>>> print(open('query_30.cif').read())   # mmCIF, C-alpha atoms
data_entry
#
loop_
_atom_site.label_atom_id
_atom_site.label_comp_id
_atom_site.auth_asym_id
_atom_site.auth_seq_id
_atom_site.Cartn_x
_atom_site.Cartn_y
_atom_site.Cartn_z
CA MET A 1 -17.68 0.00 11.32
CA PRO A 2 -14.33 1.46 12.41
CA ILE A 3 -11.34 1.66 10.08
CA VAL A 4 -8.18 0.33 11.70
CA CYS A 5 -4.49 -0.02 10.86
CA ILE A 6 -2.44 -2.61 12.76
CA GLY A 7 1.19 -3.14 11.91
CA LEU A 8 4.87 -3.11 12.66
CA SER A 9 7.56 -1.10 10.92
CA HIS A 10 11.19 -0.04 10.97
CA GLN A 11 10.19 2.44 13.68
CA THR A 12 8.87 -0.22 16.07
CA ALA A 13 10.51 -3.54 15.16
CA PRO A 14 14.02 -4.63 14.14
CA VAL A 15 14.57 -6.45 10.86
CA GLU A 16 14.75 -9.88 12.53
CA VAL A 17 11.15 -9.39 13.78
CA ARG A 18 9.88 -7.88 10.53
CA GLU A 19 11.26 -10.77 8.48
CA ARG A 20 9.61 -13.25 10.83
CA HIS A 21 6.23 -11.79 9.90
CA ALA A 22 6.84 -11.23 6.19
CA PHE A 23 4.41 -12.94 3.83
CA PRO A 24 5.71 -14.50 0.60
CA PRO A 25 4.25 -12.46 -2.30
CA GLY A 26 2.69 -15.62 -3.74
CA ARG A 27 0.66 -16.15 -0.56
CA MET A 28 -0.67 -12.64 -0.03
CA VAL A 29 -4.02 -13.41 -1.66
CA GLU A 30 -4.35 -16.54 0.46
CA ALA A 31 -3.50 -14.51 3.58
CA LEU A 32 -6.15 -11.88 2.84
CA VAL A 33 -8.79 -14.53 2.19
CA ALA A 34 -7.90 -16.14 5.54
CA LEU A 35 -8.02 -12.76 7.30
CA CYS A 36 -11.49 -11.99 5.96
CA ASP A 37 -12.69 -15.34 7.33
CA TYR A 38 -12.45 -13.79 10.80
CA GLU A 39 -15.94 -12.86 11.91
CA ALA A 40 -15.28 -9.20 12.79
CA VAL A 41 -13.23 -8.38 9.67
CA HIS A 42 -15.36 -7.09 6.79
CA GLU A 43 -12.69 -5.60 4.52
CA ALA A 44 -8.90 -5.92 4.52
CA ALA A 45 -5.76 -4.91 2.69
CA MET A 46 -2.16 -5.74 3.53
CA LEU A 47 0.77 -3.41 2.82
CA GLN A 48 4.15 -5.13 2.98
CA THR A 49 7.49 -3.50 2.20
CA CYS A 50 11.06 -4.01 3.38
CA GLY A 51 10.29 -1.59 6.21
CA ARG A 52 6.75 -2.47 7.27
CA LEU A 53 3.85 -4.89 7.44
CA GLU A 54 0.49 -3.21 7.93
CA ILE A 55 -3.08 -4.47 7.81
CA TYR A 56 -5.87 -2.02 7.06
CA ALA A 57 -9.31 -3.32 7.91
CA MET A 58 -12.97 -2.42 8.32
CA LEU A 59 -14.25 -4.05 11.49
CA ASP A 60 -17.75 -4.55 12.85
CA ASP A 61 -16.44 -4.09 16.41
CA TYR A 62 -13.18 -2.41 17.40
CA GLU A 63 -12.06 -4.55 20.35
CA ARG A 64 -13.11 -7.88 18.87
CA GLY A 65 -11.77 -7.03 15.43
CA VAL A 66 -8.38 -5.81 16.65
CA ALA A 67 -7.98 -8.97 18.71
CA GLN A 68 -8.76 -11.10 15.65
CA VAL A 69 -6.29 -9.24 13.40
CA LYS A 70 -3.56 -9.63 16.02
CA ALA A 71 -4.40 -13.33 16.33
CA PHE A 72 -4.07 -13.62 12.56
CA LEU A 73 -0.63 -11.95 12.63
CA THR A 74 0.50 -14.30 15.38
CA ASN A 75 -0.90 -17.53 13.96
CA PHE A 76 -1.01 -17.40 10.16
CA ARG A 77 2.08 -19.26 8.91
CA HIS A 78 4.26 -18.08 11.79
CA GLY A 79 3.31 -20.21 14.76
CA SER A 80 5.24 -19.63 17.98
CA THR A 81 7.61 -16.66 17.79
CA GLY A 82 9.32 -16.81 21.18
CA TYR A 83 8.54 -13.13 21.82
CA ASP A 84 5.54 -10.93 22.50
CA ILE A 85 4.47 -9.50 19.14
CA GLU A 86 2.27 -6.96 20.93
CA SER A 87 5.38 -5.08 22.02
CA TYR A 88 6.22 -4.36 18.36
CA LEU A 89 2.73 -3.60 17.03
CA TYR A 90 0.99 -0.27 16.70
CA THR A 91 -2.74 0.21 16.31
CA ARG A 92 -4.36 3.25 14.72
CA LEU A 93 -8.10 3.74 14.58
CA GLY A 94 -10.32 5.91 12.44
CA ARG A 95 -8.86 9.24 11.40
CA GLU A 96 -5.40 8.21 12.64
CA ALA A 97 -5.46 5.12 10.41
CA ILE A 98 -6.54 7.19 7.40
CA GLU A 99 -3.89 9.84 8.01
CA HIS A 100 -1.24 7.15 8.56
CA LEU A 101 -1.88 5.54 5.17
CA PHE A 102 -1.62 8.93 3.49
CA ARG A 103 1.66 9.59 5.32
CA VAL A 104 2.93 6.24 4.10
CA SER A 105 1.86 6.83 0.48
CA THR A 106 3.46 10.29 0.38
CA GLY A 107 6.73 8.95 1.78
CA LEU A 108 6.66 10.79 5.12
CA ASP A 109 6.67 7.57 7.13
CA SER A 110 9.37 5.83 5.09
CA MET A 111 12.78 4.79 6.33
CA LEU A 112 14.13 7.21 3.73
CA ILE A 113 11.82 10.23 3.52
CA GLY A 114 10.07 10.35 0.16
CA GLU A 115 11.53 7.06 -1.09
CA ALA A 116 10.63 6.29 -4.67
CA GLU A 117 9.31 2.74 -4.21
CA ILE A 118 6.59 3.27 -1.63
CA LEU A 119 3.83 4.57 -3.93
CA GLY A 120 4.23 1.53 -6.17
CA GLN A 121 4.10 -0.72 -3.11
CA VAL A 122 0.83 0.89 -1.96
CA LYS A 123 -0.55 0.28 -5.44
CA ASP A 124 0.62 -3.35 -5.29
CA ALA A 125 -1.21 -3.77 -1.96
CA TYR A 126 -4.37 -2.37 -3.54
CA VAL A 127 -4.12 -4.65 -6.59
CA VAL A 128 -3.50 -7.77 -4.47
CA ALA A 129 -6.49 -6.95 -2.24
CA GLN A 130 -8.63 -6.57 -5.35
CA ARG A 131 -7.51 -10.00 -6.53
CA ALA A 132 -8.35 -11.45 -3.12
CA LYS A 133 -11.76 -9.73 -3.24
CA SER A 134 -11.08 -8.44 0.27
CA LEU A 135 -11.84 -4.79 -0.54
CA GLY A 136 -15.25 -3.32 0.06
CA ARG A 137 -16.40 0.14 -0.87
CA THR A 138 -14.60 1.90 1.99
CA LEU A 139 -11.08 0.50 1.67
CA HIS A 140 -11.34 0.63 -2.11
CA HIS A 141 -11.96 4.38 -1.86
CA LEU A 142 -9.35 4.83 0.88
CA PHE A 143 -6.55 3.26 -1.16
CA ARG A 144 -7.55 5.18 -4.29
CA GLU A 145 -7.30 8.40 -2.29
CA ALA A 146 -3.97 7.34 -0.78
CA LEU A 147 -2.54 6.80 -4.25
CA ALA A 148 -3.88 10.18 -5.37
CA ALA A 149 -2.35 11.87 -2.30
CA GLY A 150 1.02 10.28 -3.03
CA LYS A 151 0.98 11.43 -6.65
CA THR A 152 -0.10 14.95 -5.67
CA ALA A 153 2.66 15.25 -3.07
CA ARG A 154 5.31 14.24 -5.60
CA ALA A 155 3.91 16.55 -8.28
CA GLN A 156 3.50 19.63 -6.10
CA THR A 157 6.42 19.40 -3.64
CA GLN A 158 10.09 18.41 -3.48
CA ILE A 159 9.39 15.30 -1.38
CA GLY A 160 10.60 13.05 -4.21
CA SER A 161 13.60 15.13 -5.25
CA GLU A 162 17.26 14.07 -5.12
CA SER A 163 16.74 10.42 -5.98
CA ALA A 164 17.02 8.26 -2.90
CA SER A 165 15.58 4.83 -2.33
CA ILE A 166 16.54 1.68 -0.48
CA ALA A 167 18.30 0.38 -3.59
CA THR A 168 20.19 3.62 -4.22
CA ALA A 169 21.03 3.75 -0.51
CA ALA A 170 22.70 0.35 -0.93
CA VAL A 171 24.87 1.75 -3.71
CA GLU A 172 25.63 4.84 -1.59
CA ALA A 173 26.70 2.54 1.23
CA ALA A 174 29.08 0.72 -1.09
CA ARG A 175 30.54 3.98 -2.34
CA ALA A 176 30.95 5.26 1.22
CA ARG A 177 32.84 2.07 2.13
CA LEU A 178 34.95 1.64 -1.03
CA GLY A 179 35.14 5.11 -2.51
CA ALA A 180 34.47 5.43 -6.24
CA LEU A 181 32.96 2.30 -7.76
CA THR A 182 34.83 2.79 -11.02
CA GLY A 183 36.59 -0.45 -11.86
CA LYS A 184 34.70 -2.48 -9.22
CA THR A 185 32.81 -5.72 -9.81
CA ILE A 186 29.29 -5.72 -8.35
CA LEU A 187 27.05 -8.74 -7.84
CA VAL A 188 23.32 -7.95 -7.70
CA ILE A 189 21.23 -10.85 -6.40
CA GLY A 190 17.58 -10.50 -7.35
CA ALA A 191 16.01 -9.10 -10.53
CA GLY A 192 12.98 -7.37 -9.03
CA LYS A 193 12.30 -3.64 -8.65
CA MET A 194 15.11 -3.15 -6.13
CA GLY A 195 17.61 -4.99 -8.29
CA ARG A 196 16.61 -2.97 -11.34
CA THR A 197 17.09 0.33 -9.49
CA ALA A 198 20.45 -0.80 -8.14
CA VAL A 199 21.73 -1.79 -11.60
CA LYS A 200 20.70 1.55 -13.11
CA ARG A 201 22.47 3.42 -10.32
CA LEU A 202 25.59 1.25 -10.62
CA ARG A 203 25.79 2.02 -14.30
CA SER A 204 25.76 5.76 -13.57
CA GLU A 205 28.44 5.23 -10.92
CA GLY A 206 30.79 3.70 -13.49
CA ALA A 207 31.00 0.16 -12.11
CA ALA A 208 33.26 -1.92 -14.35
CA LYS A 209 31.22 -5.10 -14.20
CA VAL A 210 27.76 -5.93 -12.88
CA VAL A 211 26.51 -9.51 -12.60
CA VAL A 212 22.77 -10.04 -12.06
CA ALA A 213 21.97 -13.37 -10.43
CA ASN A 214 18.40 -14.56 -10.16
CA ARG A 215 16.54 -17.81 -9.55
CA THR A 216 14.85 -17.37 -12.94
CA MET A 217 17.40 -16.78 -15.66
CA SER A 218 14.87 -15.11 -17.97
CA ARG A 219 14.19 -12.39 -15.37
CA ALA A 220 17.91 -11.69 -15.02
CA ARG A 221 18.26 -11.44 -18.79
CA GLU A 222 15.26 -9.10 -19.01
CA LEU A 223 16.83 -6.77 -16.44
CA VAL A 224 20.16 -6.73 -18.27
CA ALA A 225 18.42 -6.09 -21.59
CA GLU A 226 16.26 -3.32 -20.10
CA THR A 227 19.19 -1.48 -18.50
CA GLY A 228 21.63 -2.24 -21.29
CA PHE A 229 24.23 -3.10 -18.68
CA GLY A 230 25.62 -6.14 -16.92
CA GLU A 231 25.42 -9.88 -17.48
CA ALA A 232 22.90 -12.47 -16.31
CA LEU A 233 23.64 -15.43 -14.08
CA GLU A 234 21.61 -18.27 -12.61
CA LEU A 235 21.81 -18.78 -8.86
CA PRO A 236 23.76 -22.08 -9.09
CA GLY A 237 26.69 -20.00 -10.35
CA LEU A 238 26.56 -17.71 -7.34
CA SER A 239 29.71 -19.08 -5.64
CA ASP A 240 31.90 -18.26 -8.64
CA ALA A 241 30.42 -14.74 -8.83
CA LEU A 242 31.07 -14.21 -5.11
CA SER A 243 34.72 -15.08 -5.57
CA ILE A 244 35.28 -12.15 -7.97
CA ALA A 245 32.89 -9.52 -6.55
CA ASP A 246 33.88 -6.42 -4.60
CA VAL A 247 30.30 -5.60 -3.60
CA VAL A 248 27.12 -7.66 -3.29
CA VAL A 249 23.64 -6.09 -3.27
CA ALA A 250 21.07 -8.74 -2.25
CA SER A 251 17.34 -8.15 -2.80
CA THR A 252 15.49 -11.41 -3.48
CA GLY A 253 12.11 -12.52 -2.19
CA ALA A 254 13.49 -15.81 -0.84
CA SER A 255 12.27 -17.09 2.52
CA HIS A 256 15.71 -18.49 3.42
CA PHE A 257 19.31 -17.24 3.48
CA ILE A 258 20.82 -17.07 -0.01
CA LEU A 259 24.18 -16.07 1.44
CA ASN A 260 25.14 -18.45 4.25
CA GLU A 261 28.44 -19.13 6.02
CA GLU A 262 29.28 -22.14 3.87
CA ARG A 263 28.75 -20.40 0.53
CA VAL A 264 30.43 -17.12 1.45
CA GLY A 265 33.22 -18.87 3.34
CA ALA A 266 34.04 -21.04 0.31
CA ALA A 267 34.12 -17.98 -1.93
CA MET A 268 36.38 -16.06 0.46
CA ALA A 269 38.80 -19.01 0.65
CA ARG A 270 39.54 -18.37 -3.01
CA ARG A 271 40.27 -14.66 -2.33
CA PRO A 272 41.39 -14.49 1.32
CA ASP A 273 43.08 -11.09 1.14
CA ARG A 274 40.44 -9.30 -0.89
CA PRO A 275 37.57 -7.66 1.06
CA LEU A 276 33.91 -8.25 0.23
CA PHE A 277 31.18 -5.74 1.14
CA ILE A 278 27.60 -7.11 1.27
CA VAL A 279 24.49 -4.92 1.45
CA ASP A 280 21.36 -6.91 2.24
CA ILE A 281 18.18 -4.96 1.44
CA ALA A 282 15.81 -7.94 1.48
CA VAL A 283 13.12 -8.69 4.07
CA PRO A 284 13.27 -11.56 4.94
CA ARG A 285 17.03 -11.14 4.84
CA ASP A 286 19.12 -12.82 2.15
CA ALA A 287 22.34 -12.86 4.18
CA ASP A 288 22.89 -14.84 7.37
CA PRO A 289 24.17 -12.34 9.99
CA ALA A 290 26.82 -14.94 10.91
CA ILE A 291 28.76 -14.27 7.69
CA ALA A 292 29.93 -10.97 9.18
CA SER A 293 32.35 -13.02 11.29
CA ILE A 294 34.17 -14.31 8.18
CA PRO A 295 37.49 -12.47 7.77
CA ASN A 296 37.40 -9.61 5.25
CA VAL A 297 33.57 -9.74 4.94
CA SER A 298 31.53 -6.66 5.88
CA LEU A 299 27.74 -6.84 6.08
CA VAL A 300 25.09 -4.11 6.29
CA ASP A 301 21.37 -4.95 6.47
CA ILE A 302 18.45 -2.69 5.64
CA ASP A 303 18.24 -1.18 9.11
CA GLY A 304 21.83 -0.01 8.80
CA LEU A 305 21.23 2.03 5.65
CA LYS A 306 19.28 5.02 6.87
CA SER A 307 22.29 7.00 8.05
CA VAL A 308 24.03 6.53 4.70
CA VAL A 309 21.79 8.96 2.84
CA ASP A 310 20.31 10.86 5.77
CA GLU A 311 22.37 13.95 5.13
CA LYS A 312 21.20 14.07 1.48
CA LEU A 313 17.54 14.53 2.40
CA ASP A 314 17.50 18.15 3.57
CA LEU A 315 15.50 19.31 0.52
CA ARG A 316 12.91 16.63 1.18
CA ARG A 317 12.63 17.62 4.84
CA GLU A 318 11.87 21.17 3.76
CA ALA A 319 8.90 19.80 1.79
CA ILE A 320 7.34 18.07 4.82
CA PRO A 321 5.02 20.98 5.86
CA ALA A 322 3.64 21.25 2.31
CA VAL A 323 3.09 17.49 2.15
CA GLU A 324 1.33 17.55 5.52
CA GLU A 325 -1.06 20.18 4.15
CA ILE A 326 -1.83 17.90 1.20
CA ILE A 327 -2.40 14.99 3.59
CA ALA A 328 -4.80 17.08 5.69
CA GLU A 329 -6.80 17.99 2.57
CA TYR A 330 -7.06 14.36 1.50
CA VAL A 331 -8.02 13.20 5.00
CA GLU A 332 -10.80 15.79 5.11
CA ARG A 333 -11.92 14.79 1.62
CA PHE A 334 -12.09 11.13 2.57
CA GLU A 335 -13.95 11.83 5.81
CA THR A 336 -16.50 13.93 3.92
CA TRP A 337 -17.01 11.07 1.48
CA TYR A 338 -17.31 8.60 4.35
CA ARG A 339 -19.94 10.67 6.14
CA THR A 340 -21.99 11.36 3.01
CA ARG A 341 -21.90 7.88 1.52
CA ILE A 342 -25.24 7.22 3.27
CA ALA A 343 -26.69 9.75 0.85
CA VAL A 344 -25.93 7.53 -2.14
CA PRO A 345 -28.29 4.57 -1.41
CA VAL A 346 -31.01 6.86 0.00
CA ILE A 347 -30.89 9.17 -3.03
CA ALA A 348 -30.75 6.16 -5.36
CA THR A 349 -33.82 4.60 -3.77
CA LEU A 350 -35.72 7.89 -3.87
CA THR A 351 -34.86 8.63 -7.51
CA GLN A 352 -35.61 5.05 -8.57
CA LYS A 353 -39.10 5.29 -7.07
CA ALA A 354 -39.70 8.69 -8.67
CA GLU A 355 -38.50 7.37 -12.03
CA ALA A 356 -40.72 4.29 -11.78
CA ILE A 357 -43.75 6.53 -11.14
CA ARG A 358 -42.79 8.87 -14.00
CA VAL A 359 -42.37 6.04 -16.50
CA ALA A 360 -45.62 4.34 -15.46
CA GLU A 361 -47.68 7.55 -15.76
CA LEU A 362 -46.01 8.49 -19.06
CA ASP A 363 -46.80 5.06 -20.52
CA ARG A 364 -50.45 5.42 -19.45
CA LEU A 365 -50.69 8.83 -21.13
CA LEU A 366 -49.06 7.72 -24.36
CA ALA A 367 -51.31 4.64 -24.52
CA ARG A 368 -54.34 6.97 -24.46
CA CYS A 369 -52.94 9.16 -27.21
CA PRO A 370 -51.82 6.77 -29.96
CA ASP A 371 -51.94 9.49 -32.63
CA MET A 372 -49.13 11.55 -31.10
CA SER A 373 -46.11 12.11 -33.32
CA GLU A 374 -42.68 10.89 -32.25
CA ARG A 375 -41.60 14.48 -31.61
CA GLU A 376 -44.61 15.12 -29.37
CA ARG A 377 -43.85 11.95 -27.41
CA MET A 378 -40.23 13.04 -26.92
CA LEU A 379 -41.27 16.52 -25.76
CA ILE A 380 -43.69 15.12 -23.19
CA ALA A 381 -41.14 12.57 -21.95
CA GLY A 382 -38.55 15.34 -21.60
CA MET A 383 -40.99 17.52 -19.68
CA THR A 384 -41.77 14.74 -17.20
CA MET A 385 -38.04 14.16 -16.58
CA THR A 386 -37.53 17.89 -15.99
CA ILE A 387 -40.40 18.02 -13.48
CA VAL A 388 -39.04 15.06 -11.49
CA SER A 389 -35.50 16.44 -11.58
CA LYS A 390 -36.56 19.88 -10.32
CA LEU A 391 -38.74 18.42 -7.58
CA LEU A 392 -35.92 16.20 -6.29
CA HIS A 393 -33.03 18.65 -6.75
CA SER A 394 -33.35 20.55 -3.47
CA VAL A 395 -34.21 17.33 -1.59
CA ILE A 396 -31.05 15.62 -2.84
CA LEU A 397 -28.89 18.62 -1.91
CA LYS A 398 -30.36 18.66 1.61
CA ILE A 399 -29.82 14.92 2.04
CA ARG A 400 -26.14 15.34 1.17
CA GLU A 401 -25.68 18.41 3.37
CA ARG A 402 -27.33 16.76 6.35
CA ALA A 403 -25.30 13.58 5.89
CA ARG A 404 -22.12 15.66 6.27
CA LEU A 405 -23.26 16.68 9.75
CA GLY A 406 -23.06 13.16 11.11
CA ARG A 407 -24.64 9.77 11.65
CA GLU A 408 -27.65 10.82 13.74
CA GLU A 409 -28.73 13.51 11.27
CA ALA A 410 -28.39 11.09 8.36
CA LEU A 411 -30.34 8.41 10.21
CA SER A 412 -33.12 10.85 11.11
CA ASP A 413 -33.47 12.08 7.52
CA ALA A 414 -33.48 8.55 6.12
CA ARG A 415 -36.31 7.61 8.48
CA VAL A 416 -38.36 10.67 7.52
CA LEU A 417 -37.89 9.98 3.82
CA ASP A 418 -38.75 6.33 4.36
CA GLU A 419 -42.01 7.30 6.07
CA LEU A 420 -42.99 10.04 3.60
CA PHE A 421 -42.17 8.22 0.38
CA GLU A 422 -42.54 4.56 1.49
CA LEU A 423 -39.03 3.67 0.36
CA ASN A 424 -38.90 0.44 2.39
CA LEU A 425 -35.61 1.42 4.03
CA ALA A 426 -36.59 0.43 7.54
CA GLU A 427 -35.02 -3.03 7.46
CA HIS A 428 -31.78 -1.71 5.99
CA LEU A 429 -31.15 1.54 7.85
CA ALA A 430 -28.57 0.02 10.19
CA GLU A 431 -26.58 -1.24 7.21
CA LEU A 432 -26.91 1.99 5.23
CA ILE A 433 -25.76 4.32 7.99
CA PRO A 434 -21.98 4.08 8.55
CA GLN A 435 -20.53 4.18 12.01
CA PRO A 436 -18.55 7.35 12.76
CA ILE A 437 -14.82 7.42 12.07
CA ALA A 438 -13.52 7.34 15.63
CA ASP A 439 -10.21 8.60 16.91
CA ALA A 440 -7.95 6.49 19.07
CA GLY A 441 -4.35 6.54 20.15
CA ASP A 442 -1.81 3.83 19.54
CA GLY A 443 -2.56 0.54 21.17
#
>>> encode(input="query_30.cif", output="structure tokens")
Amino acid sequence: MPIVCIGLSHQTAPVEVRERHAFPPGRMVEALVALCDYEAVHEAAMLQTCGRLEIYAMLDDYERGVAQVKAFLTNFRHGSTGYDIESYLYTRLGREAIEHLFRVSTGLDSMLIGEAEILGQVKDAYVVAQRAKSLGRTLHHLFREALAAGKTARAQTQIGSESASIATAAVEAARARLGALTGKTILVIGAGKMGRTAVKRLRSEGAAKVVVANRTMSRARELVAETGFGEALELPGLSDALSIADVVVASTGASHFILNEERVGAAMARRPDRPLFIVDIAVPRDADPAIASIPNVSLVDIDGLKSVVDEKLDLRREAIPAVEEIIAEYVERFETWYRTRIAVPVIATLTQKAEAIRVAELDRLLARCPDMSERERMLIAGMTMTIVSKLLHSVILKIRERARLGREEALSDARVLDELFELNLAEHLAELIPQPIADAGDG
């Protein structure tokens, strides 16, 4: 069964395409359940961030499975798009898919190299897939290793140094446009992770006033209480907040425009000579691109942020070779696990049969010797376990070593063991032996 990654990202698709294919967080479980209903898809996980949407899957057939995943991306919730989604998608198979996920989790494939949020987003994807029960043994292990690779890269290199994230980039953009933020009024729309990061950064920048607007008032209040800064506001009061703000940072999970021409236009009519700078870091976008035509309104979306902090990432770029070495180690570790996982059920079956024989013969012996003391019984039981363990030790090592060599060697050994020890593996060999991890270029 090949491992595959199919997706689109900031490197292949503009924000207007990415937002068209964004899944509401509340429907991710539903989406994964629907994806696993496709015949060729055996396991699946979906990684969605402001810069990417990627599906990782275990397929029973590469061509059929890839076609079904692409059909899912085209049809689930989205309907007709008016463009060819294939032109924006990339497909990575086998080792390339594994390496790609590790590059994502370590921050090498991010819009901002080493961005702080990505590891948490990979973890979120893993947790959601667990809830959807769409993870099997392979993707479960792959995502665990990806999280470990990300943590190792941040602990052992400078890839996460000099705090930079999408949210901090938004604040940097505001400072680049307005100069020092001291004395400025900032409106933060959205009380999620991005909003929280933005508020913390704004506090350190000396913003005079920060207003946190959110659909759920309790979430806005929690953010203000956690950061010890700002004031909470419900979304119905957004127009009044817009009329006094110098900067807006928008980062909600809404599926529609929060900032449209009517709302922003009405706010600007109350302050016609005072400029308003809006940074939209949401995908789907919170701000209608048309508001940029309103006099004195400037708008930057997420794709316009990369250059803002690009020059600050030199230290992170120097860490790239070290991170790539870590990735290579984790890829090799995963591939070794993948090749040798056949050893687990074969060894388990062999040891279970040996243990059943040991227990049966020990019970027969003890039944014939009812006068044995408890200590004598324990000594004999221990001796029988030692004998079985020593007999199987070299066999188990050889099974694992041979499994590392590849599928054919593992299949051959399993058949020999099945014949010699009557393990009844014959009907299950095809399921027990994994297909090789193939390599393929982008599709």
>>> resolve_selection(input="query_30.cif", expression="the PyMOL selection byres ((chain A and resi 201) around 12)", output="PyMOL selection string")
chain A and resi 163-172+174-175+181+186+188+194-200+202-207+210+227+229+249
>>> write_last_selection(input="query_30.cif", atoms="C-alpha atoms", output="mmCIF file, keeping the file's coordinate frame")
data_model
loop_
_atom_site.group_PDB
_atom_site.id
_atom_site.type_symbol
_atom_site.label_atom_id
_atom_site.label_comp_id
_atom_site.auth_asym_id
_atom_site.auth_seq_id
_atom_site.Cartn_x
_atom_site.Cartn_y
_atom_site.Cartn_z
ATOM 1 C CA SER A 163 16.740 10.420 -5.980
ATOM 2 C CA ALA A 164 17.020 8.260 -2.900
ATOM 3 C CA SER A 165 15.580 4.830 -2.330
ATOM 4 C CA ILE A 166 16.540 1.680 -0.480
ATOM 5 C CA ALA A 167 18.300 0.380 -3.590
ATOM 6 C CA THR A 168 20.190 3.620 -4.220
ATOM 7 C CA ALA A 169 21.030 3.750 -0.510
ATOM 8 C CA ALA A 170 22.700 0.350 -0.930
ATOM 9 C CA VAL A 171 24.870 1.750 -3.710
ATOM 10 C CA GLU A 172 25.630 4.840 -1.590
ATOM 11 C CA ALA A 174 29.080 0.720 -1.090
ATOM 12 C CA ARG A 175 30.540 3.980 -2.340
ATOM 13 C CA LEU A 181 32.960 2.300 -7.760
ATOM 14 C CA ILE A 186 29.290 -5.720 -8.350
ATOM 15 C CA VAL A 188 23.320 -7.950 -7.700
ATOM 16 C CA MET A 194 15.110 -3.150 -6.130
ATOM 17 C CA GLY A 195 17.610 -4.990 -8.290
ATOM 18 C CA ARG A 196 16.610 -2.970 -11.340
ATOM 19 C CA THR A 197 17.090 0.330 -9.490
ATOM 20 C CA ALA A 198 20.450 -0.800 -8.140
ATOM 21 C CA VAL A 199 21.730 -1.790 -11.600
ATOM 22 C CA LYS A 200 20.700 1.550 -13.110
ATOM 23 C CA LEU A 202 25.590 1.250 -10.620
ATOM 24 C CA ARG A 203 25.790 2.020 -14.300
ATOM 25 C CA SER A 204 25.760 5.760 -13.570
ATOM 26 C CA GLU A 205 28.440 5.230 -10.920
ATOM 27 C CA GLY A 206 30.790 3.700 -13.490
ATOM 28 C CA ALA A 207 31.000 0.160 -12.110
ATOM 29 C CA VAL A 210 27.760 -5.930 -12.880
ATOM 30 C CA THR A 227 19.190 -1.480 -18.500
ATOM 31 C CA PHE A 229 24.230 -3.100 -18.680
ATOM 32 C CA VAL A 249 23.640 -6.090 -3.270
#
>>> atom_distance(input="query_30.cif", atom1="CA of Cys369 in chain A", atom2="CA of Lys353 in chain A")
24.7 Å
>>> resolve_selection(input="query_30.cif", expression="the PyMOL selection byres ((chain A and resi 273) around 12)", output="ChimeraX atom specification")
/A:243,246,267-272,274-276,294-297
>>> resolve_selection(input="query_30.cif", expression="the PyMOL selection byres ((chain A and resi 383-398) around 9)", output="ChimeraX atom specification")
/A:343,347,350-351,354-355,358-359,362,378-382,399-403
>>> atom_distance(input="query_30.cif", atom1="CA of Thr106 in chain A", atom2="CA of Asp301 in chain A")
24.3 Å
>>> atom_distance(input="query_30.cif", atom1="CA of Val104 in chain A", atom2="CA of Ile118 in chain A")
7.4 Å
>>> residues_around(input="query_30.cif", residues="Ser105 in chain A", least_positions_apart="5", cutoff="10 Å", atoms="only C-alpha atoms", output="mmCIF file with C-alpha atoms, keeping the file's coordinate frame")
data_model
loop_
_atom_site.group_PDB
_atom_site.id
_atom_site.type_symbol
_atom_site.label_atom_id
_atom_site.label_comp_id
_atom_site.auth_asym_id
_atom_site.auth_seq_id
_atom_site.Cartn_x
_atom_site.Cartn_y
_atom_site.Cartn_z
ATOM 1 C CA GLU A 99 -3.890 9.840 8.010
ATOM 2 C CA HIS A 100 -1.240 7.150 8.560
ATOM 3 C CA SER A 110 9.370 5.830 5.090
ATOM 4 C CA GLY A 114 10.070 10.350 0.160
ATOM 5 C CA GLU A 115 11.530 7.060 -1.090
ATOM 6 C CA GLU A 117 9.310 2.740 -4.210
ATOM 7 C CA ILE A 118 6.590 3.270 -1.630
ATOM 8 C CA LEU A 119 3.830 4.570 -3.930
ATOM 9 C CA GLY A 120 4.230 1.530 -6.170
ATOM 10 C CA GLN A 121 4.100 -0.720 -3.110
ATOM 11 C CA VAL A 122 0.830 0.890 -1.960
ATOM 12 C CA LYS A 123 -0.550 0.280 -5.440
ATOM 13 C CA PHE A 143 -6.550 3.260 -1.160
ATOM 14 C CA GLU A 145 -7.300 8.400 -2.290
ATOM 15 C CA ALA A 146 -3.970 7.340 -0.780
ATOM 16 C CA LEU A 147 -2.540 6.800 -4.250
ATOM 17 C CA ALA A 148 -3.880 10.180 -5.370
ATOM 18 C CA ALA A 149 -2.350 11.870 -2.300
ATOM 19 C CA GLY A 150 1.020 10.280 -3.030
ATOM 20 C CA LYS A 151 0.980 11.430 -6.650
ATOM 21 C CA ALA A 153 2.660 15.250 -3.070
ATOM 22 C CA ILE A 327 -2.400 14.990 3.590
#
>>> closest_residue(input="query_30.cif", among="A:Val247, A:Ala414, A:Ala282, A:Ala132", to="Gly190 in chain A", atoms="all atoms listed in the file")
A:Ala282
>>> residues_around(input="query_30.cif", residues="Arg103 in chain A", least_positions_apart="5", cutoff="8 Å", atoms="all atoms listed in the file", output="list in words")
Leu108, Asp109, Glu324 and Ile327 of chain A
>>> closest_residue(input="query_30.cif", among="A:Gly304, A:Gly230, A:Ala191, A:His10", to="Met217 in chain A", atoms="all atoms listed in the file")
A:Ala191
>>> closest_residue(input="query_30.cif", among="A:Thr12, A:Val4, A:Ala266, A:Leu89", to="Glu63 in chain A", atoms="all atoms listed in the file")
A:Val4
>>> residues_around(input="query_30.cif", residues="Pro236 in chain A", least_positions_apart="5", cutoff="10 Å", atoms="all atoms listed in the file", output="PDB file with C-alpha atoms, in the frame of the given file")
ATOM      1  CA  ALA A 213      21.970 -13.370 -10.430  1.00  0.00           C
ATOM      2  CA  ASN A 214      18.400 -14.560 -10.160  1.00  0.00           C
ATOM      3  CA  ARG A 215      16.540 -17.810  -9.550  1.00  0.00           C
ATOM      4  CA  ALA A 241      30.420 -14.740  -8.830  1.00  0.00           C
TER       5      ALA A 241
END
